[in-house]
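Since the structure comes first, as structure tokens, the remarks are kept for the end.
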Amino acid sequence: MTYAGGDAKKPLSSLDGALYTGLVVVLIFVCCAESVAFSVYNKWLFSGPLKAPVFVTAMCQAWCFLGALLVWLLSPKSFYTRSPVTSAAQALKILIIPVAFVANYGMNNLSLKYTTLALNQLIRSFSPVAIAVTSYLIEGKVQSLPKAVTLVCLVGGVLMGVGTSPDFELLGVLICAGSLLGQALNIVMTALVMGDMKDSVKLSPFDVLFYTALPSVAILLPFSAAIGEYAVLVKALEDEGFARLAILVFGGGIFAFTYTLFYVLLIKITSSVYYGVTGGFRCTVAIIISFYFFPQKITALSILGIVIAMTAFIANSYFTMKEKLSKKYGGVPANQMPKEPQERLLKEAEKEMMKNI
């Protein structure tokens with residue numbers, strides 16, 4: 001019998017179940033497609049018309065704020081209700097998030113200027129390892145044997161794929177690796193904000209955009225100026241013209257906001273677990289497509305490393321989901337649980353799976 005996601009308890013009819021399943025499949029496809037398309041678009045933009053990734057990231061955040069503002073003003077409360085910030089301590093914690101955003105996404109976009117999209121995606125697939133190390137150092141959390149095996153394979157696959165690539169460029173690899181440290185920092189800070197401690201505040205993705213986008217812009221624009229992107233922007237205006245550049249920057253903002261909108265819709269009707277487990281597939285598709293759009297080189301060992309890394313990434317996502325669904329219910333497999341505890345544990349799995357997104 002099919003059940004709706006979220007807090008729904010009523011079983012769906014066969015027709016409703018088919019429509020619900022179809023909607024989930026469509027949303028998963030759209031999320032994956034837009035994720036890959038956004039990566040390809042950014043690589044093309046930062047390698048050609050506008051080699052100013054930090055400035056573009058700032059503009060995308062500005063557009064995301066406007067989109068979140070419109071959602072808050074126009075959408076029904078059943079879709080989005082803004083979480084109020086009721087204390088200075090909450091506001092301070094929220095303002096820490098933009099620092100992690102700049103270290104994570106700002107450096108990731110900057111790396112696309114110096115390295116290939118394939119290497120960028122391969123290095124970013126290293127995120128479960130960074131998360132595992134962070135969890136151990138901060139929480140003392142030890143990985144299960146199946147997950148530890150997938151992490152070892154992931155390390156080996158990434159090192160093989162990156163180290164044997166003819167497109168290896170140290171600066172780009174280091175910047176992208178730095179973005180992984182930013183991602184780990186992002187996890188710590190998000191846990192600080194959204195944890196169960198006093199003065200915590202529960203944020204939805206739209207809340208995060210609403211409260212942190214403009215502070216992110218305030219950090220990114222001086223950073224952009226410091227690395228000389230304003231001179232690049234002036235030259236791009238001369239070469240491309242204001243109208244064309246405005247359209248290109250607006251296009252990036254549309255990608256950034258609609259991507260958030262679609263995965264919020266997916267999480268609303270299912271769970272972030274469904275989205276989180278697609279991470280390996282998104283990286284794999286992006287790597288394959290990148291060879292079609294960009295002049296990249298590859299060796300047999302690089303291919304083998306990519307296959308090992310992507311397989312390990314997908315397996316790690318699967319074991320994370322399975323582990324979270326069962327370990328707090330006496331080790332009972334998820335498919336043998338009563339419906340209510342199964343739904344409760346699915347919600348508990350969301351927070352962990354969101355780390356890999």
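Naming works like this for the structure tokens: A, B, ... for the chains as they're shown, residue 1 at the start of each chain, ligands 1 onward in shown order.
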
Worksheet item: Could you pull the residues within 6 Å of segment 35-51 of chain A, counting only C-alpha atoms, minus those fewer than 3 positions along the same chain, as a list of chain:residue names?
Response: A:Cys32, A:Leu112, A:Lys113, A:Ala286

Discussion item. DSSP on the backbone, helix (DSSP H, G or I) only: what residues of segment 162-315 of chain A does that give? Format it as a PyMOL selection string.
Written reply: chain A and resi 162-163+170-194+205-226+229-240+242-269+272-276+279-293+300-315

Which residues are close to segment 250-258 of chain A, i.e. within 12 Å by only C-alpha atoms, leaving aside same-chain residues fewer than 4 positions away? Reply as a PDB file with N, CA and C atoms, in the first residue's frame.
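Resulting contents of selection_22.pdb:
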```pdb
ATOM      1  N   LEU A  27      10.092  14.745 -10.096  1.00  0.00           N
ATOM      2  CA  LEU A  27      10.847  15.700  -9.289  1.00  0.00           C
ATOM      3  C   LEU A  27      12.292  15.253  -9.089  1.00  0.00           C
ATOM      4  N   VAL A  30      14.001  15.988 -12.333  1.00  0.00           N
ATOM      5  CA  VAL A  30      14.212  17.430 -12.512  1.00  0.00           C
ATOM      6  C   VAL A  30      15.339  17.924 -11.612  1.00  0.00           C
ATOM      7  N   CYS A  31      15.359  17.471 -10.356  1.00  0.00           N
ATOM      8  CA  CYS A  31      16.418  17.879  -9.430  1.00  0.00           C
ATOM      9  C   CYS A  31      17.788  17.447  -9.927  1.00  0.00           C
ATOM     10  N   ALA A  33      18.622  16.618 -13.044  1.00  0.00           N
ATOM     11  CA  ALA A  33      18.918  17.287 -14.311  1.00  0.00           C
ATOM     12  C   ALA A  33      19.361  18.723 -14.072  1.00  0.00           C
ATOM     13  N   GLU A  34      18.661  19.429 -13.170  1.00  0.00           N
ATOM     14  CA  GLU A  34      19.029  20.826 -12.940  1.00  0.00           C
ATOM     15  C   GLU A  34      20.362  20.927 -12.206  1.00  0.00           C
ATOM     16  N   SER A  35      20.647  19.991 -11.297  1.00  0.00           N
ATOM     17  CA  SER A  35      21.934  19.987 -10.620  1.00  0.00           C
ATOM     18  C   SER A  35      23.077  19.851 -11.619  1.00  0.00           C
ATOM     19  N   VAL A  36      22.932  18.910 -12.550  1.00  0.00           N
ATOM     20  CA  VAL A  36      23.963  18.692 -13.566  1.00  0.00           C
ATOM     21  C   VAL A  36      24.054  19.894 -14.499  1.00  0.00           C
ATOM     22  N   ALA A  37      22.896  20.398 -14.937  1.00  0.00           N
ATOM     23  CA  ALA A  37      22.879  21.546 -15.851  1.00  0.00           C
ATOM     24  C   ALA A  37      23.500  22.779 -15.204  1.00  0.00           C
ATOM     25  N   PHE A  38      23.242  22.988 -13.927  1.00  0.00           N
ATOM     26  CA  PHE A  38      23.819  24.131 -13.210  1.00  0.00           C
ATOM     27  C   PHE A  38      25.345  24.020 -13.166  1.00  0.00           C
ATOM     28  N   SER A  39      25.849  22.823 -12.910  1.00  0.00           N
ATOM     29  CA  SER A  39      27.303  22.616 -12.880  1.00  0.00           C
ATOM     30  C   SER A  39      27.921  22.891 -14.241  1.00  0.00           C
ATOM     31  N   VAL A  40      27.283  22.374 -15.303  1.00  0.00           N
ATOM     32  CA  VAL A  40      27.791  22.592 -16.661  1.00  0.00           C
ATOM     33  C   VAL A  40      27.738  24.077 -17.011  1.00  0.00           C
ATOM     34  N   TYR A  41      26.644  24.729 -16.662  1.00  0.00           N
ATOM     35  CA  TYR A  41      26.488  26.161 -16.952  1.00  0.00           C
ATOM     36  C   TYR A  41      27.570  26.981 -16.257  1.00  0.00           C
ATOM     37  N   ASN A  42      27.819  26.694 -14.982  1.00  0.00           N
ATOM     38  CA  ASN A  42      28.836  27.437 -14.241  1.00  0.00           C
ATOM     39  C   ASN A  42      30.224  27.237 -14.842  1.00  0.00           C
ATOM     40  N   LYS A  43      30.539  26.003 -15.186  1.00  0.00           N
ATOM     41  CA  LYS A  43      31.850  25.747 -15.781  1.00  0.00           C
ATOM     42  C   LYS A  43      32.004  26.502 -17.095  1.00  0.00           C
ATOM     43  N   TRP A  44      30.972  26.494 -17.933  1.00  0.00           N
ATOM     44  CA  TRP A  44      31.024  27.227 -19.198  1.00  0.00           C
ATOM     45  C   TRP A  44      31.173  28.721 -18.967  1.00  0.00           C
ATOM     46  N   LEU A  45      30.408  29.258 -18.009  1.00  0.00           N
ATOM     47  CA  LEU A  45      30.424  30.689 -17.739  1.00  0.00           C
ATOM     48  C   LEU A  45      31.777  31.138 -17.193  1.00  0.00           C
ATOM     49  N   PHE A  46      32.326  30.360 -16.248  1.00  0.00           N
ATOM     50  CA  PHE A  46      33.570  30.770 -15.596  1.00  0.00           C
ATOM     51  C   PHE A  46      34.802  30.507 -16.455  1.00  0.00           C
ATOM     52  N   LEU A  50      32.412  35.083 -18.566  1.00  0.00           N
ATOM     53  CA  LEU A  50      32.560  35.852 -17.332  1.00  0.00           C
ATOM     54  C   LEU A  50      33.399  35.062 -16.320  1.00  0.00           C
ATOM     55  N   PRO A  53      33.879  33.952 -10.904  1.00  0.00           N
ATOM     56  CA  PRO A  53      32.968  33.039 -10.203  1.00  0.00           C
ATOM     57  C   PRO A  53      32.488  33.549  -8.852  1.00  0.00           C
ATOM     58  N   PHE A  55      32.028  36.736  -7.931  1.00  0.00           N
ATOM     59  CA  PHE A  55      31.027  37.777  -8.191  1.00  0.00           C
ATOM     60  C   PHE A  55      29.699  37.149  -8.619  1.00  0.00           C
ATOM     61  N   VAL A  56      29.748  36.162  -9.511  1.00  0.00           N
ATOM     62  CA  VAL A  56      28.531  35.506  -9.975  1.00  0.00           C
ATOM     63  C   VAL A  56      27.837  34.793  -8.820  1.00  0.00           C
ATOM     64  N   THR A  57      28.608  34.157  -7.936  1.00  0.00           N
ATOM     65  CA  THR A  57      28.029  33.495  -6.770  1.00  0.00           C
ATOM     66  C   THR A  57      27.287  34.505  -5.896  1.00  0.00           C
ATOM     67  N   ALA A  58      27.874  35.692  -5.738  1.00  0.00           N
ATOM     68  CA  ALA A  58      27.219  36.738  -4.955  1.00  0.00           C
ATOM     69  C   ALA A  58      25.894  37.155  -5.593  1.00  0.00           C
ATOM     70  N   MET A  59      25.900  37.314  -6.921  1.00  0.00           N
ATOM     71  CA  MET A  59      24.669  37.704  -7.613  1.00  0.00           C
ATOM     72  C   MET A  59      23.609  36.603  -7.515  1.00  0.00           C
ATOM     73  N   CYS A  60      24.028  35.357  -7.588  1.00  0.00           N
ATOM     74  CA  CYS A  60      23.083  34.240  -7.438  1.00  0.00           C
ATOM     75  C   CYS A  60      22.430  34.273  -6.061  1.00  0.00           C
ATOM     76  N   GLN A  61      23.223  34.589  -5.045  1.00  0.00           N
ATOM     77  CA  GLN A  61      22.658  34.697  -3.699  1.00  0.00           C
ATOM     78  C   GLN A  61      21.661  35.838  -3.599  1.00  0.00           C
ATOM     79  N   ALA A  62      21.950  36.944  -4.284  1.00  0.00           N
ATOM     80  CA  ALA A  62      21.012  38.073  -4.281  1.00  0.00           C
ATOM     81  C   ALA A  62      19.684  37.668  -4.919  1.00  0.00           C
ATOM     82  N   TRP A  63      19.743  36.963  -6.054  1.00  0.00           N
ATOM     83  CA  TRP A  63      18.527  36.494  -6.703  1.00  0.00           C
ATOM     84  C   TRP A  63      17.793  35.475  -5.827  1.00  0.00           C
ATOM     85  N   CYS A  64      18.547  34.634  -5.121  1.00  0.00           N
ATOM     86  CA  CYS A  64      17.912  33.654  -4.228  1.00  0.00           C
ATOM     87  C   CYS A  64      17.161  34.354  -3.103  1.00  0.00           C
ATOM     88  N   PHE A  65      17.726  35.451  -2.588  1.00  0.00           N
ATOM     89  CA  PHE A  65      17.025  36.204  -1.544  1.00  0.00           C
ATOM     90  C   PHE A  65      15.704  36.751  -2.085  1.00  0.00           C
ATOM     91  N   LEU A  66      15.745  37.316  -3.289  1.00  0.00           N
ATOM     92  CA  LEU A  66      14.516  37.856  -3.878  1.00  0.00           C
ATOM     93  C   LEU A  66      13.489  36.745  -4.096  1.00  0.00           C
ATOM     94  N   GLY A  67      13.962  35.570  -4.550  1.00  0.00           N
ATOM     95  CA  GLY A  67      13.047  34.444  -4.739  1.00  0.00           C
ATOM     96  C   GLY A  67      12.429  33.994  -3.430  1.00  0.00           C
ATOM     97  N   ALA A  68      13.252  33.886  -2.371  1.00  0.00           N
ATOM     98  CA  ALA A  68      12.735  33.490  -1.063  1.00  0.00           C
ATOM     99  C   ALA A  68      11.746  34.516  -0.533  1.00  0.00           C
ATOM    100  N   LEU A  69      12.025  35.790  -0.786  1.00  0.00           N
ATOM    101  CA  LEU A  69      11.111  36.852  -0.364  1.00  0.00           C
ATOM    102  C   LEU A  69       9.760  36.719  -1.059  1.00  0.00           C
ATOM    103  N   LEU A  70       9.781  36.424  -2.357  1.00  0.00           N
ATOM    104  CA  LEU A  70       8.530  36.244  -3.103  1.00  0.00           C
ATOM    105  C   LEU A  70       7.764  35.018  -2.604  1.00  0.00           C
ATOM    106  N   VAL A  71       8.491  33.930  -2.329  1.00  0.00           N
ATOM    107  CA  VAL A  71       7.829  32.728  -1.802  1.00  0.00           C
ATOM    108  C   VAL A  71       7.165  33.038  -0.469  1.00  0.00           C
ATOM    109  N   TYR A 105      30.570  26.866  -1.168  1.00  0.00           N
ATOM    110  CA  TYR A 105      30.149  27.090  -2.549  1.00  0.00           C
ATOM    111  C   TYR A 105      30.990  28.144  -3.263  1.00  0.00           C
ATOM    112  N   ASN A 109      32.885  27.132  -6.702  1.00  0.00           N
ATOM    113  CA  ASN A 109      32.724  27.834  -7.972  1.00  0.00           C
ATOM    114  C   ASN A 109      34.044  28.419  -8.460  1.00  0.00           C
ATOM    115  N   PRO A 205      14.997  25.223   4.004  1.00  0.00           N
ATOM    116  CA  PRO A 205      15.895  25.788   2.985  1.00  0.00           C
ATOM    117  C   PRO A 205      15.545  27.224   2.605  1.00  0.00           C
ATOM    118  N   PHE A 206      14.257  27.568   2.567  1.00  0.00           N
ATOM    119  CA  PHE A 206      13.880  28.943   2.237  1.00  0.00           C
ATOM    120  C   PHE A 206      14.245  29.902   3.364  1.00  0.00           C
ATOM    121  N   LEU A 209      17.881  30.710   2.862  1.00  0.00           N
ATOM    122  CA  LEU A 209      18.053  31.716   1.808  1.00  0.00           C
ATOM    123  C   LEU A 209      17.633  33.097   2.311  1.00  0.00           C
ATOM    124  N   PHE A 210      16.511  33.143   2.985  1.00  0.00           N
ATOM    125  CA  PHE A 210      15.951  34.421   3.418  1.00  0.00           C
ATOM    126  C   PHE A 210      16.879  35.136   4.403  1.00  0.00           C
ATOM    127  N   ALA A 213      21.266  34.872   2.664  1.00  0.00           N
ATOM    128  CA  ALA A 213      21.708  35.223   1.309  1.00  0.00           C
ATOM    129  C   ALA A 213      22.384  36.592   1.268  1.00  0.00           C
ATOM    130  N   PHE A 242      26.553  44.874 -21.753  1.00  0.00           N
ATOM    131  CA  PHE A 242      25.815  44.804 -20.492  1.00  0.00           C
ATOM    132  C   PHE A 242      24.618  43.862 -20.578  1.00  0.00           C
ATOM    133  N   ALA A 243      23.865  43.926 -21.652  1.00  0.00           N
ATOM    134  CA  ALA A 243      22.640  43.132 -21.775  1.00  0.00           C
ATOM    135  C   ALA A 243      22.944  41.642 -21.717  1.00  0.00           C
ATOM    136  N   ARG A 244      23.962  41.215 -22.479  1.00  0.00           N
ATOM    137  CA  ARG A 244      24.300  39.785 -22.501  1.00  0.00           C
ATOM    138  C   ARG A 244      24.787  39.309 -21.130  1.00  0.00           C
ATOM    139  N   LEU A 245      25.647  40.113 -20.483  1.00  0.00           N
ATOM    140  CA  LEU A 245      26.132  39.724 -19.160  1.00  0.00           C
ATOM    141  C   LEU A 245      25.005  39.677 -18.144  1.00  0.00           C
ATOM    142  N   ALA A 246      24.094  40.644 -18.229  1.00  0.00           N
ATOM    143  CA  ALA A 246      22.969  40.657 -17.297  1.00  0.00           C
ATOM    144  C   ALA A 246      22.126  39.394 -17.451  1.00  0.00           C
ATOM    145  N   PHE A 262      12.828  23.176  -6.397  1.00  0.00           N
ATOM    146  CA  PHE A 262      12.458  21.812  -6.768  1.00  0.00           C
ATOM    147  C   PHE A 262      12.842  20.805  -5.698  1.00  0.00           C
ATOM    148  N   TYR A 263      14.031  20.975  -5.083  1.00  0.00           N
ATOM    149  CA  TYR A 263      14.364  19.967  -4.079  1.00  0.00           C
ATOM    150  C   TYR A 263      13.567  20.180  -2.790  1.00  0.00           C
ATOM    151  N   VAL A 264      13.121  21.420  -2.528  1.00  0.00           N
ATOM    152  CA  VAL A 264      12.207  21.638  -1.409  1.00  0.00           C
ATOM    153  C   VAL A 264      10.870  20.940  -1.674  1.00  0.00           C
ATOM    154  N   LEU A 265      10.373  21.041  -2.904  1.00  0.00           N
ATOM    155  CA  LEU A 265       9.138  20.340  -3.256  1.00  0.00           C
ATOM    156  C   LEU A 265       9.291  18.837  -3.083  1.00  0.00           C
TER     157      LEU A 265
END
```

Discussion item. For a quick check of understanding, using only C-alpha atoms, which of A:Thr81, A:Thr212, A:Ser135, A:Asn108 has the smallest distance to Leu174 of chain A?
Written reply: A:Asn108

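Nearest residue to Ile28 of chain A, choosing from A:Cys176, A:Leu266, A:Ala184, A:Ala218 and counting only C-alpha atoms: A:Leu266.
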
Listing only residues of segment 72-167 of chain A within 12 Å of segment 220-235 of chain A, what is the closest atom pair and its distance in Å (to one decimal) for each, using only C-alpha atoms, sorted by chain and residue number ascending, as CSV?
```
residue,atom,partner,partner_atom,distance
A:Pro98,CA,A:Leu220,CA,9.3
A:Val99,CA,A:Leu220,CA,9.5
A:Ala100,CA,A:Leu220,CA,11.6
A:Phe101,CA,A:Leu220,CA,9.8
A:Val102,CA,A:Leu220,CA,6.8
A:Ala103,CA,A:Leu220,CA,10.0
A:Asn104,CA,A:Leu220,CA,11.9
A:Tyr105,CA,A:Leu220,CA,10.7
A:Gly106,CA,A:Leu220,CA,7.7
A:Met107,CA,A:Leu220,CA,10.5
A:Asn109,CA,A:Leu220,CA,11.9
A:Leu110,CA,A:Ser224,CA,10.1
A:Lys113,CA,A:Glu229,CA,12.0
```

What are the nearest atom pairs, with distances in Å to one decimal, for all residues of segment 150-191 of chain A that come at most 6 Å from segment 288-307 of chain A, using only C-alpha atoms, set out by chain and rising residue number as JSON lines?
```
{"residue": "A:Gly157", "atom": "CA", "partner": "A:Gly305", "partner_atom": "CA", "distance": 4.1}
{"residue": "A:Met160", "atom": "CA", "partner": "A:Gly305", "partner_atom": "CA", "distance": 4.9}
{"residue": "A:Gly161", "atom": "CA", "partner": "A:Ser302", "partner_atom": "CA", "distance": 4.1}
{"residue": "A:Thr164", "atom": "CA", "partner": "A:Ser302", "partner_atom": "CA", "distance": 5.6}
{"residue": "A:Ser165", "atom": "CA", "partner": "A:Ser302", "partner_atom": "CA", "distance": 5.7}
{"residue": "A:Pro166", "atom": "CA", "partner": "A:Lys297", "partner_atom": "CA", "distance": 5.9}
```

Output of the above residues as an mmCIF file, in the first residue's frame, restricted to C-alpha atoms:
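Output file part.cif is given in full below:
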```
data_model
loop_
_atom_site.group_PDB
_atom_site.id
_atom_site.type_symbol
_atom_site.label_atom_id
_atom_site.label_comp_id
_atom_site.auth_asym_id
_atom_site.auth_seq_id
_atom_site.Cartn_x
_atom_site.Cartn_y
_atom_site.Cartn_z
ATOM 1 C CA GLY A 157 38.890 5.938 -6.202
ATOM 2 C CA MET A 160 43.300 7.289 -8.484
ATOM 3 C CA GLY A 161 40.943 9.350 -10.616
ATOM 4 C CA THR A 164 46.172 9.930 -12.950
ATOM 5 C CA SER A 165 44.161 12.589 -14.777
ATOM 6 C CA PRO A 166 46.012 14.383 -17.609
#
```

Practice prompt. Using only C-alpha atoms, determine which residues lie at most 12 Å from Gln143 of chain A, disregarding the query and same-chain residues fewer than 4 positions distant; provide the list as a PyMOL selection string.
Written response: chain A and resi 128-129+131-136+139+147-152+316+319-320+323

Worksheet item: Restricting the calculation to only C-alpha atoms, which member of A:Ala18, A:Leu95, A:Val142, A:Val155 is positioned closest to Ser125 of chain A?
Response: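 So, comparing all the options, the nearest one is A:Val155.
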
Worksheet, complete the sentence: Of A:Tyr211, A:Phe168, A:Phe29, A:Tyr20, the one sitting nearest Val85 of chain A when using only C-alpha atoms is A:Tyr211

Practice prompt. Tell me, in Å to one decimal, how far atom CA of Val24 of chain A is from atom CA of Met321 of chain A.
Written response: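 Going from atom CA of Val24 of chain A over to atom CA of Met321 of chain A covers 18.0 Å.
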
Discussion item. Using only C-alpha atoms for the distances, tell me which of A:Ala88, A:Cys153, A:Ala52, A:Leu159 is nearest to Phe313 of chain A.
Written reply: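 Looking at the shortest contact to Phe313 of chain A, the residue is A:Cys153.
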